[in-house]
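Below is one structure, written out as structure tokens; the observations come after it.
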Amino acid sequence: MVKVIQLIVDNTAGVLSRISGLFSRRGYNIESITAGITADPHYSRITIVTSGDEAILEQIEKQVGKLIDVRDIRVLEPDDSVYRELVLIKVKVGDDKRQALISVCDVFRTKIVDITKDSMIIEVTGAQSKINAFIEMLQDYEILEIARTGIAGLRRGSDGVVYL
């Protein structure tokens, strides 16, 4: 089972290290983690994707909620939230396959951010299912590098917005 947990934390040195350290000490898995400042520079938003059985996921929530820097903890349910991920993919492509790859990029509404004579860097933003489907479509090409940001997400609507 996979769970997306969003934290509002004090924007202080070492907070991300303390959170990831808790996961490490307890043997919990982090599938992805993103962090960034909020509209209020005193706080940061951290989104963690983690997995485990129901008991482990419940324990993760309780343990993270006890950390001194954590001001709010929420589970982002898929039906009530919007998730997005950014991926940069460098693909080896010559002139003979370039137009076909551009066509695939157009279908997935990606953005080509760099082209050289032998490669392209493609930016893909969206749900993980879209990104995974795009990567699957690249099986006829040589993927040289992939950089994934991890999920960022917000709850839908204005209910539950945290004001600190």
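Please note that chains go A, B, ... in the order of the structure tokens, that every chain numbers its residues from 1, and that ligands are numbered from 1 in the order shown.
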List every residue of stretch 60-109 of chain A that has an atom at most 10 Å from any atom of stretch 46-55 of chain A, and for each one report the closest atom pair and its distance in Å to one decimal, counting only C-alpha atoms, with rows sorted by chain and then by increasing residue number, as JSON lines.
```
{"residue": "A:Ile60", "atom": "CA", "partner": "A:Ala55", "partner_atom": "CA", "distance": 8.7}
{"residue": "A:Val70", "atom": "CA", "partner": "A:Ile46", "partner_atom": "CA", "distance": 9.9}
{"residue": "A:Ile73", "atom": "CA", "partner": "A:Ile46", "partner_atom": "CA", "distance": 9.5}
{"residue": "A:Arg74", "atom": "CA", "partner": "A:Thr47", "partner_atom": "CA", "distance": 9.6}
{"residue": "A:Val75", "atom": "CA", "partner": "A:Thr47", "partner_atom": "CA", "distance": 9.5}
{"residue": "A:Leu76", "atom": "CA", "partner": "A:Thr47", "partner_atom": "CA", "distance": 9.1}
```
Requested in this report: From a DSSP pass on the backbone, collect the residues of chain A flagged as strand (DSSP E or B) and hand them back as an NGL selection string.
Outcome: :A and (2-10 or 29-37 or 43-51 or 70-75 or 81-92 or 111-115 or 119-126 or 142-155)
Report task. Please measure the separation of atom CA of A:Phe108 and atom CA of A:Met120, giving the value in Å to one decimal. Result ->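 Calculated distance between atom CA of A:Phe108 and atom CA of A:Met120 is 15.5 Å.
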Query - Neighbour list for stretch 127-129 of chain A as a list in words, cut-off 8 Å, only C-alpha atoms, skip fewer than 3 positions in-chain - result: Tyr83, Arg84, Glu85, Asn132 and Ala133 of chain A
Report task. Check the smallest atom-to-atom distance from each of A:Val113, A:Ile89, A:Ile19, A:Ile68 to A:Arg148 using only C-alpha atoms, then report the winner. Result -> A:Ile89
**Report entry** stretch 77-82 of chain A environment, 10 Å, only C-alpha atoms, sequence neighbours closer than 4 positions dropped, as a list in words
**Finding:** Lys3, Val4, Ile5, Gly126, Ala127, Ile151, Ala152, Gly153, Leu154, Arg155, Arg156 and Gly157 of chain A
Please, could you write that set of residues out with C-alpha atoms as an mmCIF file, in the first residue's frame?
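What ended up in again.cif:
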```
data_model
loop_
_atom_site.group_PDB
_atom_site.id
_atom_site.type_symbol
_atom_site.label_atom_id
_atom_site.label_comp_id
_atom_site.auth_asym_id
_atom_site.auth_seq_id
_atom_site.Cartn_x
_atom_site.Cartn_y
_atom_site.Cartn_z
ATOM 1 C CA LYS A 3 0.485 6.644 1.026
ATOM 2 C CA VAL A 4 1.209 10.316 0.269
ATOM 3 C CA ILE A 5 1.869 12.320 3.427
ATOM 4 C CA GLY A 126 1.933 15.212 -14.719
ATOM 5 C CA ALA A 127 0.599 12.266 -12.807
ATOM 6 C CA ILE A 151 5.490 13.966 -6.176
ATOM 7 C CA ALA A 152 4.271 17.391 -5.138
ATOM 8 C CA GLY A 153 0.634 17.571 -4.155
ATOM 9 C CA LEU A 154 -2.136 19.644 -2.654
ATOM 10 C CA ARG A 155 -5.622 18.909 -1.403
ATOM 11 C CA ARG A 156 -8.463 20.104 -3.598
ATOM 12 C CA GLY A 157 -10.558 23.076 -2.474
#
```
Query raised in the report: Using only C-alpha atoms, which residue out of A:Ser44, A:Thr125, A:Ser24, A:Ser158 lies closest to A:Arg109?
Result: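 Closest candidate: A:Thr125.
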Requested in this report: Choose the residue, out of A:Ile143, A:Met1, A:Leu138, A:Ala13, that has the smallest atom-to-atom separation from A:Ser103; count only C-alpha atoms.
Outcome: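 Distance minimum relative to A:Ser103 lands on A:Leu138.
Closest approach to A:Thr38 from the set A:Val93, A:Val64, A:Ile56, A:Val9 is made by A:Val9, with distances taken over only C-alpha atoms.
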Report summary line: One decimal place gives the atom CA of A:Ile115-atom CA of A:Lys90 separation as 9.5 Å
Query - d(atom CA of A:Tyr141, atom CA of A:Glu31) in Å - result: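 Atom CA of A:Glu31 lies 26.1 Å from atom CA of A:Tyr141.
Considering the residues A:Leu86, A:Ala100, A:Ile135, A:Ile8 and counting only C-alpha atoms, A:Glu123 has its shortest atom-to-atom contact with A:Leu86.
Among the candidates A:Val107, A:Leu7, A:Leu16, A:Leu22, the residue lying nearest to A:Val162 is A:Leu7 (atoms considered: only C-alpha atoms).
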Query raised in the report: Looking only at the backbone, which of the residues in stretch 4-45 of chain A does DSSP tag as helix (DSSP H, G or I), as a PyMOL selection string?
Result: chain A and resi 15-26
